[in-house]
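**Student:** The structure follows.
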Amino acid sequence: MNSTMASNGTALRHNAFVYASDHEYLARAVPFLKDGLAAGEGAIVAHTKPGIAMMREALGSESARVTFVDISSAYTRPARTLAAYHSVYSTQLQKTPKLRAVADVQFGPNPGEWDQWTAYEAVFNRSFGHLPAWVLCSYDANETPDPIIEGVWQTHPEVLAGGRRSASGLYEDPDRLLRRIIPPAEELSELRSLRSVGDAEQIRERLAPELTAAGFGEATALGMLLAVTEVATNAAQHGQGIGEVRVGRAHGRFVCEIIDRGPGFDDPAAGYLAPRDGIGSGLWVARQLTWQIEFFRSPRGFTARLWL
Amino acid sequence: MIAAECGDAAACRRLVEVFLPAIASLARGFQGSRVERLELLQEGVAGLLFAARRYDAELDTPFWAYASFWVRKAMQELVAQLTRPVALSDRAARELSHLRRVRNELLQSDGREPTTGELSSATGLAPAQVESLLATERVPRGLADPLSSDDASGPTVAETIVDPVAEQAYEKVLDNLEIDGVLDLTRELEDRERAVIRSHYGLGTEARTLSEIGAGLGLTAERARQIEAAALAKLRQALAQPAPVGSVAT
């Protein structure tokens, strides 16, 4: 298997394969990684504890050159999962010019989460498109729900199936997929406006007592203050200034809206692109520190809604 | 639930206390697995806390119905990991044999179990390698195994396992509880930076103005503002380091 640039011109190769047995998994994963190691590339295995044990055994002495990542607790929120993988890939790329990774995906059985993790796989293509990485996402057919297996063809440009690698005829442009499956933001009339919030510092000063009153600990509150700082800075620099800040609770969560006077933007992947030269990373930071961020136009203006 | 998702230590502990009996009930399903009960409980707690970090009440699924999948999965993975037969390479088998010999020699000379460091020094193996090799020898105690190899008719391992609802077992799990998963940004800051931010925004202390904070540090308000701005920039940089693409020599 040669490591060349992906057919869509990005540095990233993002493939998937579905396996029905440990034997089938090993038959794909081990030669893939060994070929990369022989070419001087880094190797990463992201799996559960038993999966890691299985790969250590199969790789033998080569396992000393492999980075093993326990993903048992990695798939919490898409933005945080991307950040976790970015950290692992960054560490590896400090040692090798390229890397190969086999990552077992943990969607979970709840249908209410499938769209979210399908969106994660789709945005992965844009998030890490600049990285010289060949990532093989593995899906256990015995544990992965059928709708997710079907979604694999939509989110991975190439899929290994039936012993062959082929371009997915069902691959969907990530932005189009995100727009299709992300629900529109709803109006939250229960929020109230904060006064005197012209800049990021004033927003932090008004928001901090709200977070304390809501019972958030120091670390979480600081994270949220940093997140709103990034969003407010964005609004000030690109959004013609901050128009309004609203806070309150909705659906059991603390919400803060930052509304600017500008035209806004239309990028469903905003804040999901891993840091790189030439693009801002403020929204990447903000997404890691919050439960969710929605961007939308409303009668009040262009709104960034941060959920905690 | 949301406080626990955010990493609030007290909320996490309360969550674990509430659901520990349910976790213990799931653990009973693995009683024949020869994995220690406390380990199962602790792994189940890890699954519970993971579920709390993912759980969205908007899913219309009760929390335990959602979390029990991840709790059971965590236990299953532990059992699979610990009861999996380990096949060693020839080299690893020779290293393990050498390690066993050295360990027995040290046991006889010192009258106690040698530490990993001592075994590493004596064998020339890295500490991580020593631990890895020793782990392959680990044989989980069977429930019917006698506690003492000298007394086959004596109490068994099963008889030492406390009732799952007993306070002592739960306390041990709670004592071992490590709450992580929340990004503690304060660890990135120097003491003065942390003090300025905490004071300015009333985080764990009374809120003060930058003038008051500066006066307390013998600085101007503007200098205090600069310290705060630098601290926020440091936190942003810690979370937004680009990967070193193309910077490693081939």
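Starting from 1 in every chain, residues are counted up; chains themselves are A, B, ... following the order of the structure tokens, and ligands are numbered from 1 as listed.
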For the interface of chain A with chain B (cut-off 7 Å, counting only C-alpha atoms), please tabulate each contacting residue of chain A alongside its nearest pair of atoms and their separation in Å to one decimal, rows sorted by chain and increasing number, as JSON lines.
**Tutor:**
```
{"residue": "A:Lys49", "atom": "CA", "partner": "B:Gln81", "partner_atom": "CA", "distance": 6.2}
{"residue": "A:Pro50", "atom": "CA", "partner": "B:Gln81", "partner_atom": "CA", "distance": 4.3}
{"residue": "A:Ala53", "atom": "CA", "partner": "B:Gln81", "partner_atom": "CA", "distance": 6.7}
{"residue": "A:Glu57", "atom": "CA", "partner": "B:Ala87", "partner_atom": "CA", "distance": 6.7}
{"residue": "A:Gly60", "atom": "CA", "partner": "B:Ser89", "partner_atom": "CA", "distance": 6.6}
{"residue": "A:Ser73", "atom": "CA", "partner": "B:Phe50", "partner_atom": "CA", "distance": 5.8}
{"residue": "A:Thr76", "atom": "CA", "partner": "B:Arg54", "partner_atom": "CA", "distance": 4.7}
{"residue": "A:Arg77", "atom": "CA", "partner": "B:Arg54", "partner_atom": "CA", "distance": 6.4}
{"residue": "A:Ser90", "atom": "CA", "partner": "B:Ala243", "partner_atom": "CA", "distance": 4.4}
{"residue": "A:Leu93", "atom": "CA", "partner": "B:Pro244", "partner_atom": "CA", "distance": 6.1}
{"residue": "A:Gln94", "atom": "CA", "partner": "B:Pro244", "partner_atom": "CA", "distance": 6.0}
{"residue": "A:Lys95", "atom": "CA", "partner": "B:Val248", "partner_atom": "CA", "distance": 6.5}
{"residue": "A:Thr96", "atom": "CA", "partner": "B:Val248", "partner_atom": "CA", "distance": 6.1}
{"residue": "A:Pro97", "atom": "CA", "partner": "B:Val248", "partner_atom": "CA", "distance": 5.3}
{"residue": "A:Gly112", "atom": "CA", "partner": "B:Leu59", "partner_atom": "CA", "distance": 5.7}
{"residue": "A:Leu131", "atom": "CA", "partner": "B:Val245", "partner_atom": "CA", "distance": 6.5}
{"residue": "A:Glu205", "atom": "CA", "partner": "B:Tyr201", "partner_atom": "CA", "distance": 6.1}
{"residue": "A:Ala208", "atom": "CA", "partner": "B:Tyr201", "partner_atom": "CA", "distance": 5.6}
{"residue": "A:Phe216", "atom": "CA", "partner": "B:Ala3", "partner_atom": "CA", "distance": 6.9}
{"residue": "A:Gly217", "atom": "CA", "partner": "B:Asp8", "partner_atom": "CA", "distance": 6.2}
{"residue": "A:Glu218", "atom": "CA", "partner": "B:Leu203", "partner_atom": "CA", "distance": 5.4}
{"residue": "A:Ala219", "atom": "CA", "partner": "B:Asp184", "partner_atom": "CA", "distance": 5.3}
{"residue": "A:Thr220", "atom": "CA", "partner": "B:Cys6", "partner_atom": "CA", "distance": 6.5}
{"residue": "A:Gly223", "atom": "CA", "partner": "B:Leu185", "partner_atom": "CA", "distance": 7.0}
{"residue": "A:Leu226", "atom": "CA", "partner": "B:Leu232", "partner_atom": "CA", "distance": 6.9}
{"residue": "A:Pro275", "atom": "CA", "partner": "B:Pro242", "partner_atom": "CA", "distance": 4.6}
{"residue": "A:Arg276", "atom": "CA", "partner": "B:Pro242", "partner_atom": "CA", "distance": 5.0}
{"residue": "A:Ser281", "atom": "CA", "partner": "B:Ala240", "partner_atom": "CA", "distance": 6.2}
{"residue": "A:Val285", "atom": "CA", "partner": "B:Leu239", "partner_atom": "CA", "distance": 5.9}
```
**Student:** Can I get the selection written as an mmCIF file, in the first residue's frame, with N, CA and C atoms?
**Tutor:**
```cif
data_model
loop_
_atom_site.group_PDB
_atom_site.id
_atom_site.type_symbol
_atom_site.label_atom_id
_atom_site.label_comp_id
_atom_site.auth_asym_id
_atom_site.auth_seq_id
_atom_site.Cartn_x
_atom_site.Cartn_y
_atom_site.Cartn_z
ATOM 1 N N LYS A 49 -9.313 -1.310 25.074
ATOM 2 C CA LYS A 49 -8.206 -2.046 25.728
ATOM 3 C C LYS A 49 -7.988 -3.440 25.128
ATOM 4 N N PRO A 50 -9.034 -4.246 24.959
ATOM 5 C CA PRO A 50 -8.793 -5.557 24.353
ATOM 6 C C PRO A 50 -8.318 -5.456 22.910
ATOM 7 N N ALA A 53 -4.672 -4.765 23.080
ATOM 8 C CA ALA A 53 -3.939 -5.984 23.458
ATOM 9 C C ALA A 53 -3.789 -6.903 22.249
ATOM 10 N N GLU A 57 -0.129 -7.893 20.317
ATOM 11 C CA GLU A 57 0.258 -9.294 20.102
ATOM 12 C C GLU A 57 0.532 -9.536 18.619
ATOM 13 N N GLY A 60 3.729 -7.860 17.297
ATOM 14 C CA GLY A 60 4.969 -8.418 17.829
ATOM 15 C C GLY A 60 5.978 -7.342 18.190
ATOM 16 N N SER A 73 -12.706 6.366 26.281
ATOM 17 C CA SER A 73 -13.372 7.571 26.762
ATOM 18 C C SER A 73 -13.190 8.744 25.807
ATOM 19 N N THR A 76 -16.672 11.596 23.308
ATOM 20 C CA THR A 76 -17.626 12.300 24.161
ATOM 21 C C THR A 76 -18.417 13.300 23.332
ATOM 22 N N ARG A 77 -17.758 14.305 22.808
ATOM 23 C CA ARG A 77 -18.375 15.284 21.922
ATOM 24 C C ARG A 77 -17.489 15.385 20.677
ATOM 25 N N SER A 90 -0.526 15.261 16.098
ATOM 26 C CA SER A 90 0.512 16.290 16.188
ATOM 27 C C SER A 90 1.767 15.733 16.833
ATOM 28 N N LEU A 93 3.532 13.558 14.342
ATOM 29 C CA LEU A 93 4.131 14.282 13.217
ATOM 30 C C LEU A 93 5.343 15.107 13.641
ATOM 31 N N GLN A 94 5.579 15.210 14.938
ATOM 32 C CA GLN A 94 6.829 15.813 15.403
ATOM 33 C C GLN A 94 7.989 14.825 15.254
ATOM 34 N N LYS A 95 7.649 13.543 15.077
ATOM 35 C CA LYS A 95 8.687 12.502 14.991
ATOM 36 C C LYS A 95 8.835 11.939 13.588
ATOM 37 N N THR A 96 7.744 11.880 12.832
ATOM 38 C CA THR A 96 7.776 11.295 11.486
ATOM 39 C C THR A 96 7.091 12.255 10.522
ATOM 40 N N PRO A 97 7.497 12.242 9.240
ATOM 41 C CA PRO A 97 6.905 13.180 8.294
ATOM 42 C C PRO A 97 5.471 12.840 7.925
ATOM 43 N N GLY A 112 -30.431 8.596 18.546
ATOM 44 C CA GLY A 112 -30.408 10.062 18.665
ATOM 45 C C GLY A 112 -29.027 10.659 18.499
ATOM 46 N N LEU A 131 -3.333 17.401 6.898
ATOM 47 C CA LEU A 131 -2.342 16.563 7.567
ATOM 48 C C LEU A 131 -1.891 15.408 6.672
ATOM 49 N N GLU A 205 -16.974 40.018 32.330
ATOM 50 C CA GLU A 205 -17.347 40.553 33.649
ATOM 51 C C GLU A 205 -18.827 40.336 33.930
ATOM 52 N N ALA A 208 -19.416 36.124 34.135
ATOM 53 C CA ALA A 208 -18.816 35.352 35.240
ATOM 54 C C ALA A 208 -19.772 35.145 36.413
ATOM 55 N N PHE A 216 -21.458 26.492 38.279
ATOM 56 C CA PHE A 216 -20.316 25.896 37.594
ATOM 57 C C PHE A 216 -19.046 26.084 38.415
ATOM 58 N N GLY A 217 -18.206 25.062 38.379
ATOM 59 C CA GLY A 217 -16.927 25.146 39.065
ATOM 60 C C GLY A 217 -15.985 26.100 38.355
ATOM 61 N N GLU A 218 -14.874 26.385 39.028
ATOM 62 C CA GLU A 218 -13.918 27.366 38.533
ATOM 63 C C GLU A 218 -13.368 27.006 37.154
ATOM 64 N N ALA A 219 -13.000 25.747 36.988
ATOM 65 C CA ALA A 219 -12.384 25.328 35.725
ATOM 66 C C ALA A 219 -13.373 25.454 34.573
ATOM 67 N N THR A 220 -14.605 25.019 34.799
ATOM 68 C CA THR A 220 -15.617 25.103 33.743
ATOM 69 C C THR A 220 -15.957 26.544 33.423
ATOM 70 N N GLY A 223 -13.253 28.063 31.384
ATOM 71 C CA GLY A 223 -13.352 27.582 30.007
ATOM 72 C C GLY A 223 -14.405 28.336 29.219
ATOM 73 N N LEU A 226 -13.259 31.832 28.370
ATOM 74 C CA LEU A 226 -12.333 31.820 27.236
ATOM 75 C C LEU A 226 -13.098 31.602 25.933
ATOM 76 N N PRO A 275 -6.220 23.478 13.911
ATOM 77 C CA PRO A 275 -5.359 24.660 13.744
ATOM 78 C C PRO A 275 -4.299 24.463 12.662
ATOM 79 N N ARG A 276 -4.101 25.493 11.876
ATOM 80 C CA ARG A 276 -3.092 25.469 10.819
ATOM 81 C C ARG A 276 -2.825 26.899 10.418
ATOM 82 N N SER A 281 -8.089 30.097 14.787
ATOM 83 C CA SER A 281 -8.438 28.914 15.552
ATOM 84 C C SER A 281 -9.274 29.249 16.781
ATOM 85 N N VAL A 285 -11.017 26.564 19.505
ATOM 86 C CA VAL A 285 -10.845 26.629 20.961
ATOM 87 C C VAL A 285 -12.216 26.655 21.638
#
```
**Student:** Tell me, counting only C-alpha atoms, for each residue of region 220-275 of chain A within 10 Å of region 174-181 of chain A, which pair of atoms is nearest and how far apart they are in Å to one decimal, in rows ordered by chain and increasing number, as a tab-separated table.
**Tutor:**
```
residue	atom	partner	partner_atom	distance
A:Asp266	CA	A:Arg179	CA	9.9
A:Asp267	CA	A:Asp175	CA	7.5
A:Pro268	CA	A:Asp175	CA	6.1
A:Ala269	CA	A:Asp175	CA	6.8
```
**Student:** Just asking: which residues within region 112-278 of chain A are strand (DSSP E) according to DSSP, as a PyMOL selection string?
**Tutor:** chain A and resi 133-140+158-161+164-167+192-193+242-250+253-260
**Student:** Could you jot down the CA of Ala200 (chain A) to CA of Asn234 (chain A) separation for me, Å, one decimal place?
**Tutor:** 10.0 Å
**Student:** Using CA of Ser298 (chain A) and CA of Ile258 (chain A) as the two end points, give the distance in Å to one decimal.
**Tutor:** 11.6 Å
**Student:** Between CA of Arg100 (chain A) and CA of Trp134 (chain A), what is the distance in Å, rounded to a tenth?
**Tutor:**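 Those two atoms sit 4.7 Å apart.
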**Student:** Neighbours of Trp117 (chain A) within 8 Å (only C-alpha atoms; same-chain residues fewer than 4 positions away dropped), as a short mmCIF file (atom, residue, chain, number, x, y, z; two decimals) with C-alpha atoms, in the first residue's frame?
**Tutor:**
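Wrote it out as part-v2.cif, contents follow:
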```cif
data_model
loop_
_atom_site.label_atom_id
_atom_site.label_comp_id
_atom_site.auth_asym_id
_atom_site.auth_seq_id
_atom_site.Cartn_x
_atom_site.Cartn_y
_atom_site.Cartn_z
CA PRO A 78 -17.28 15.60 18.26
CA PHE A 107 -20.77 5.48 17.94
CA GLU A 113 -26.61 10.32 18.48
CA GLU A 121 -16.85 11.59 10.36
#
```
**Student:** Quick one: residues within 8 Å of Phe254 (chain A), only C-alpha atoms counted, chain neighbours fewer than 6 positions away excluded, as a list in words?
**Tutor:**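 Contacts, in chain order: Ala214, Val247, Gly248, Trp307 and Leu308 of chain A.
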**Student:** For Thr115 (chain B), please output as a PDB file with C-alpha atoms, in the first residue's frame all residues within 12 Å (counting only C-alpha atoms; exclusion window: fewer than 3 positions along the same chain).
**Tutor:**
```
ATOM      1  CA  VAL B 102      16.257 -12.380  38.642  1.00  0.00           C
ATOM      2  CA  ARG B 103      13.064 -11.827  40.598  1.00  0.00           C
ATOM      3  CA  LEU B 106      16.143 -10.853  44.638  1.00  0.00           C
ATOM      4  CA  LEU B 107      13.259 -12.362  46.616  1.00  0.00           C
ATOM      5  CA  ASP B 110      16.160  -9.354  50.150  1.00  0.00           C
ATOM      6  CA  ARG B 112      10.715  -9.096  49.878  1.00  0.00           C
ATOM      7  CA  GLU B 118      15.071  -2.953  41.008  1.00  0.00           C
ATOM      8  CA  LEU B 119      14.048  -5.523  38.409  1.00  0.00           C
ATOM      9  CA  SER B 120      14.786  -3.021  35.637  1.00  0.00           C
ATOM     10  CA  SER B 121      18.274  -2.322  37.005  1.00  0.00           C
ATOM     11  CA  ALA B 122      19.047  -5.989  37.492  1.00  0.00           C
ATOM     12  CA  PRO B 127      10.661  -0.358  33.588  1.00  0.00           C
ATOM     13  CA  VAL B 130       9.285  -5.181  33.068  1.00  0.00           C
ATOM     14  CA  GLU B 131       5.710  -4.251  33.908  1.00  0.00           C
ATOM     15  CA  LEU B 134       4.928  -9.254  34.465  1.00  0.00           C
TER      16      LEU B 134
END
```
**Student:** For a quick check of understanding, using only C-alpha atoms, which of A:Ala250, A:Ala304, A:Gly215, A:Glu190 has the smallest distance to Thr233 (chain A)?
**Tutor:**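 Comparing A:Ala250, A:Ala304, A:Gly215, A:Glu190 against Thr233 (chain A), the winner is A:Ala304.
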**Student:** Let's see if you can do this: from backbone DSSP, list all alpha helix (DSSP H) residues in region 57-150 of chain A, as a VMD selection string.
**Tutor:** chain A and resid 57 to 59 78 to 93 111 to 127 146 to 150
**Student:** Generate a file of the selected residues that holds N, CA and C atoms, formatted as a CSV table (one decimal), in the first residue's frame.
**Tutor:**
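Dumped everything to out_20.csv:
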```csv
chain,number,residue,atom,x,y,z
A,57,GLU,N,-0.1,-7.9,20.3
A,57,GLU,CA,0.3,-9.3,20.1
A,57,GLU,C,0.5,-9.5,18.6
A,58,ALA,N,-0.4,-9.0,17.8
A,58,ALA,CA,-0.2,-9.3,16.3
A,58,ALA,C,1.0,-8.6,15.7
A,59,LEU,N,1.3,-7.4,16.2
A,59,LEU,CA,2.4,-6.6,15.7
A,59,LEU,C,3.8,-7.1,16.2
A,78,PRO,N,-18.1,15.6,19.5
A,78,PRO,CA,-17.3,15.6,18.3
A,78,PRO,C,-16.1,16.6,18.3
A,79,ALA,N,-16.3,17.8,18.8
A,79,ALA,CA,-15.2,18.7,18.8
A,79,ALA,C,-14.1,18.2,19.7
A,80,ARG,N,-14.4,17.7,20.8
A,80,ARG,CA,-13.4,17.2,21.8
A,80,ARG,C,-12.7,16.0,21.2
A,81,THR,N,-13.4,15.1,20.5
A,81,THR,CA,-12.8,14.0,19.9
A,81,THR,C,-11.8,14.4,18.8
A,82,LEU,N,-12.2,15.3,18.0
A,82,LEU,CA,-11.3,15.9,17.0
A,82,LEU,C,-10.0,16.4,17.7
A,83,ALA,N,-10.2,17.2,18.7
A,83,ALA,CA,-9.1,17.7,19.4
A,83,ALA,C,-8.2,16.7,20.0
A,84,ALA,N,-8.8,15.6,20.5
A,84,ALA,CA,-8.0,14.5,21.1
A,84,ALA,C,-7.1,13.8,20.0
A,85,TYR,N,-7.8,13.5,18.9
A,85,TYR,CA,-7.0,12.9,17.8
A,85,TYR,C,-5.9,13.9,17.2
A,86,HIS,N,-6.3,15.2,17.2
A,86,HIS,CA,-5.3,16.1,16.7
A,86,HIS,C,-4.1,16.2,17.6
A,87,SER,N,-4.3,16.0,18.8
A,87,SER,CA,-3.1,16.0,19.8
A,87,SER,C,-2.3,14.8,19.5
A,88,VAL,N,-2.9,13.7,19.3
A,88,VAL,CA,-2.1,12.4,19.1
A,88,VAL,C,-1.4,12.5,17.7
A,89,TYR,N,-2.1,13.0,16.7
A,89,TYR,CA,-1.4,13.1,15.4
A,89,TYR,C,-0.3,14.1,15.4
A,90,SER,N,-0.5,15.3,16.1
A,90,SER,CA,0.5,16.3,16.2
A,90,SER,C,1.8,15.7,16.8
A,91,THR,N,1.6,15.0,17.9
A,91,THR,CA,2.7,14.4,18.6
A,91,THR,C,3.5,13.5,17.7
A,92,GLN,N,2.8,12.7,16.9
A,92,GLN,CA,3.4,11.8,16.0
A,92,GLN,C,4.2,12.5,14.9
A,93,LEU,N,3.5,13.6,14.3
A,93,LEU,CA,4.1,14.3,13.2
A,93,LEU,C,5.3,15.1,13.6
A,111,PRO,N,-29.9,5.9,18.7
A,111,PRO,CA,-30.2,6.5,17.4
A,111,PRO,C,-30.1,8.0,17.4
A,112,GLY,N,-30.4,8.6,18.5
A,112,GLY,CA,-30.4,10.1,18.7
A,112,GLY,C,-29.0,10.7,18.5
A,113,GLU,N,-28.0,9.8,18.6
A,113,GLU,CA,-26.6,10.3,18.5
A,113,GLU,C,-26.0,10.1,17.1
A,114,TRP,N,-26.6,9.3,16.3
A,114,TRP,CA,-26.0,8.8,15.1
A,114,TRP,C,-25.7,10.0,14.1
A,115,ASP,N,-26.6,10.9,14.0
A,115,ASP,CA,-26.4,12.1,13.1
A,115,ASP,C,-25.1,12.8,13.6
A,116,GLN,N,-25.0,13.0,14.9
A,116,GLN,CA,-23.9,13.8,15.4
A,116,GLN,C,-22.6,13.1,15.1
A,117,TRP,N,-22.5,11.8,15.2
A,117,TRP,CA,-21.2,11.2,14.9
A,117,TRP,C,-21.0,10.9,13.4
A,118,THR,N,-22.1,10.9,12.6
A,118,THR,CA,-21.9,10.9,11.2
A,118,THR,C,-21.3,12.2,10.8
A,119,ALA,N,-21.9,13.3,11.4
A,119,ALA,CA,-21.3,14.6,11.1
A,119,ALA,C,-19.9,14.7,11.5
A,120,TYR,N,-19.5,14.1,12.6
A,120,TYR,CA,-18.1,14.0,13.0
A,120,TYR,C,-17.2,13.4,11.9
A,121,GLU,N,-17.6,12.3,11.4
A,121,GLU,CA,-16.8,11.6,10.4
A,121,GLU,C,-16.7,12.5,9.1
A,122,ALA,N,-17.8,13.1,8.8
A,122,ALA,CA,-17.8,14.0,7.6
A,122,ALA,C,-16.9,15.2,7.8
A,123,VAL,N,-17.0,15.8,8.9
A,123,VAL,CA,-16.1,17.0,9.2
A,123,VAL,C,-14.7,16.6,9.4
A,124,PHE,N,-14.4,15.4,9.7
A,124,PHE,CA,-13.0,14.9,9.9
A,124,PHE,C,-12.2,15.1,8.6
A,125,ASN,N,-12.9,15.0,7.4
A,125,ASN,CA,-12.3,15.2,6.2
A,125,ASN,C,-11.8,16.6,6.0
A,126,ARG,N,-12.5,17.5,6.5
A,126,ARG,CA,-12.1,18.9,6.4
A,126,ARG,C,-11.2,19.3,7.5
A,127,SER,N,-11.5,18.8,8.7
A,127,SER,CA,-10.7,19.2,9.9
A,127,SER,C,-9.2,18.8,9.7
A,146,ASP,N,-26.7,-0.7,11.7
A,146,ASP,CA,-26.7,-0.7,10.2
A,146,ASP,C,-26.7,0.7,9.6
A,147,PRO,N,-27.5,1.6,10.1
A,147,PRO,CA,-27.5,3.0,9.5
A,147,PRO,C,-26.1,3.6,9.6
A,148,ILE,N,-25.4,3.3,10.6
A,148,ILE,CA,-24.0,3.8,10.7
A,148,ILE,C,-23.1,3.2,9.6
A,149,ILE,N,-23.3,1.9,9.4
A,149,ILE,CA,-22.5,1.2,8.4
A,149,ILE,C,-22.8,1.8,7.0
A,150,GLU,N,-24.1,2.0,6.8
A,150,GLU,CA,-24.4,2.6,5.5
A,150,GLU,C,-23.8,4.0,5.4
```
**Student:** Report as a PDB file with N, CA and C atoms, in the first residue's frame all protein, DNA and RNA residues lying within 12 Å of His23 (chain A), evaluated on only C-alpha atoms, omitting residues in the same chain fewer than 6 positions from it.
**Tutor:**
```
ATOM      1  N   ALA A  29      -5.570  -4.347   9.350  1.00  0.00           N
ATOM      2  CA  ALA A  29      -4.844  -3.336  10.123  1.00  0.00           C
ATOM      3  C   ALA A  29      -3.342  -3.592  10.180  1.00  0.00           C
ATOM      4  N   VAL A  30      -2.964  -4.839  10.374  1.00  0.00           N
ATOM      5  CA  VAL A  30      -1.538  -5.129  10.604  1.00  0.00           C
ATOM      6  C   VAL A  30      -0.685  -4.843   9.365  1.00  0.00           C
ATOM      7  N   GLY A  51      -8.806  -4.458  22.176  1.00  0.00           N
ATOM      8  CA  GLY A  51      -8.336  -4.268  20.804  1.00  0.00           C
ATOM      9  C   GLY A  51      -6.865  -3.924  20.772  1.00  0.00           C
ATOM     10  N   MET A  54      -4.845  -7.017  21.479  1.00  0.00           N
ATOM     11  CA  MET A  54      -4.830  -7.873  20.292  1.00  0.00           C
ATOM     12  C   MET A  54      -3.811  -7.358  19.272  1.00  0.00           C
ATOM     13  N   MET A  55      -3.776  -6.062  19.075  1.00  0.00           N
ATOM     14  CA  MET A  55      -2.850  -5.495  18.089  1.00  0.00           C
ATOM     15  C   MET A  55      -1.408  -5.594  18.568  1.00  0.00           C
ATOM     16  N   ALA A  58      -0.357  -9.016  17.771  1.00  0.00           N
ATOM     17  CA  ALA A  58      -0.237  -9.272  16.334  1.00  0.00           C
ATOM     18  C   ALA A  58       0.972  -8.560  15.736  1.00  0.00           C
ATOM     19  N   ASP A 140     -16.800  -2.253  13.643  1.00  0.00           N
ATOM     20  CA  ASP A 140     -17.141  -3.635  13.985  1.00  0.00           C
ATOM     21  C   ASP A 140     -18.585  -3.898  13.556  1.00  0.00           C
TER      22      ASP A 140
END
```
